[in-house]
Amino acid sequence: MKLDILVMAAHPDDAELSCAGTIISHIAAGKKVGIVDFTRGELGTRGTSEIRLQESADATQILGIHARENLGIRDGFFRNDEETQLKLIEIIRKYQPEVVLANALEDRHPDHGKGAQLAIDACFLSGLRQIKTGDLPAWRPKQVYHYIQDRYLEPDFVIDITAHWDQKEAAIRAFKSQFFDPNSAEPASYISSPDFLNFIQARAMEMGHKIGVKYGEGFQSQKTLEVKLFL
Ligand SMILES: [Zn+2]
């Protein structure tokens with residue numbers, strides 16, 4: 001199945017936290033969107049791999065995406081090496097996305113910057129026909145954009161997600177084990193405080209404010225973006 005947008009994410013909740021609104025708005029506009037998570041998030045402080053897998057399936061339902069895959073590489077310790085790049089190249093060639101949304105270029109969690117570079121390298125290499133992956137032909141996405149995650153980065157552009165904020169929040173809340181639950185006996189983590197979801201909302205408002213709407217999601221692009229003065 002060909003996708004319009006393929007979201008690449010180091011951890012199973014990165015896409016929901018940082019670009020769920022963009023995903024939902026493009027599906028509403030008739031685009032085909034999929035996610036490839038690199039790891040199962042098995043080093044997360046709370047929950048287990050099995051719980052997170054179920055939560056990811058619940059979030060997938062809420063987003064309404066057309067495909068979701070997991071590379072199954074090691075949380076925290078994966079490498080941007082040939083073996084990993086080839087796994088990701090197979091996914092890129094299978095889905096032939098026009099646009100890739102990838103992790104932030106730099107962030108609090110080292111997997112995010114590493115995941116961003118893995119995405120960049122695999123998208124480039126996937127376009128080289130001398131790299132063979134079975135019957136899948138070479139394919140290079142036209143654009144790779146990086147969603148902004150925990151650490152504030154100045155966006156190169158912002159997407160209006162105002163109409164889809166409630167659905168984004170529902171997709172995030174599907175990761176019940178990760179976020180605030182007053183009845184949980186699990187250890188507290190960086191993202192389990194009641195303030196974390198308020199922060200996500202505040203960030204969306206800050207990004208939206210930049211373009212004069214209520215809620216937005218910010219992205220960076222390594223390539224200079226073309227702007228048409230009149231559409
Ligand atoms: Zn992450």
# chains A, B, ... in the order shown; residues from 1 in each chain; ligands from 1
$ select_by_dssp --residues "range 1-158 of chain A" --states "helix (DSSP H, G or I)" --output "MDAnalysis selection string"
chainID A and resid 14:28 49:63 82:95 110:125
$ closest_atom_pairs --of "chain A" --to "ligand 1" --cutoff "7 Å" --atoms "only C-alpha atoms and all ligand atoms" --output "tab-separated table"
residue	atom	partner	partner_atom_place_in_ligand_line	distance
A:Ala10	CA	ligand 1	1 (Zn)	5.7
A:His11	CA	ligand 1	1 (Zn)	4.6
A:Asp13	CA	ligand 1	1 (Zn)	6.6
A:Asp14	CA	ligand 1	1 (Zn)	4.8
A:His109	CA	ligand 1	1 (Zn)	6.6
A:Asp111	CA	ligand 1	1 (Zn)	6.8
A:His112	CA	ligand 1	1 (Zn)	6.1
$ closest_residue --among "A:Met1, A:Ile23, A:Ile51, A:Leu63" --to "Lys176 in chain A" --atoms "only C-alpha atoms"
A:Ile51
$ select_by_dssp --residues "range 46-111 of chain A" --states "strand (DSSP E or B)" --output "PyMOL selection string"
chain A and resi 67-70+99-102
$ residues_around --residues "range 216-220 of chain A" --least-positions-apart "2" --cutoff "10 Å" --atoms "only C-alpha atoms" --output "MDAnalysis selection string"
chainID A and resid 17:22 101:105 144:149 152:165 201 203:214 222:225
$ residues_around --residues "Ala119 in chain A" --least-positions-apart "2" --cutoff "8 Å" --atoms "only C-alpha atoms" --output "PyMOL selection string"
chain A and resi 8+88+102+115-117+121-123
$ write_last_selection --atoms "N, CA and C atoms" --output "short mmCIF file (atom, residue, chain, number, x, y, z; two decimals), in the first residue's frame"
data_model
loop_
_atom_site.label_atom_id
_atom_site.label_comp_id
_atom_site.auth_asym_id
_atom_site.auth_seq_id
_atom_site.Cartn_x
_atom_site.Cartn_y
_atom_site.Cartn_z
N MET A 8 8.02 8.40 11.30
CA MET A 8 9.05 7.54 11.90
C MET A 8 9.27 8.00 13.34
N LEU A 88 14.91 -0.22 7.81
CA LEU A 88 14.05 0.95 7.59
C LEU A 88 13.86 1.22 6.09
N ALA A 102 9.80 12.83 10.99
CA ALA A 102 10.77 12.09 11.81
C ALA A 102 10.99 12.79 13.15
N GLY A 115 17.33 8.85 16.25
CA GLY A 115 16.25 8.42 15.37
C GLY A 115 16.09 9.35 14.18
N ALA A 116 16.31 10.65 14.43
CA ALA A 116 16.20 11.64 13.34
C ALA A 116 17.26 11.36 12.28
N GLN A 117 18.48 11.10 12.72
CA GLN A 117 19.56 10.86 11.77
C GLN A 117 19.36 9.53 11.03
N ASP A 121 19.19 9.28 6.98
CA ASP A 121 20.10 8.41 6.23
C ASP A 121 19.33 7.35 5.44
N ALA A 122 18.33 6.73 6.09
CA ALA A 122 17.57 5.67 5.41
C ALA A 122 16.78 6.25 4.24
N CYS A 123 16.21 7.46 4.39
CA CYS A 123 15.44 8.06 3.29
C CYS A 123 16.36 8.33 2.10
#
$ closest_residue --among "A:Leu71, A:Leu3, A:Val99, A:Ile65" --to "Glu83 in chain A" --atoms "only C-alpha atoms"
A:Leu71
$ residues_around --residues "Asn70 in chain A" --least-positions-apart "6" --cutoff "10 Å" --atoms "only C-alpha atoms" --output "list in words"
Met8, Ala9, Ala10, His11, Pro12, Ile35, Val36, Asp37, Phe38, Thr39, Arg40, Leu53, Leu88 and Ile91 of chain A
$ closest_residue --among "A:Val33, A:Ala59, A:Leu86, A:Val7" --to "Ala170 in chain A" --atoms "only C-alpha atoms"
A:Ala59
$ atom_distance --atom1 "CA of Ser192 in chain A" --atom2 "CA of Ser177 in chain A"
8.5 Å
$ residues_around --residues "Phe196 in chain A" --least-positions-apart "2" --cutoff "12 Å" --atoms "only C-alpha atoms" --output "count of residues only"
21
$ atom_distance --atom1 "CA of Thr133 in chain A" --atom2 "CA of Lys114 in chain A"
23.1 Å
$ closest_residue --among "A:Arg79, A:Arg108, A:Arg52, A:Arg93" --to "Arg129 in chain A" --atoms "only C-alpha atoms"
A:Arg93
$ closest_residue --among "A:Leu197, A:Ile92, A:Ala138, A:Ile24" --to "Ile62 in chain A" --atoms "only C-alpha atoms"
A:Ile24
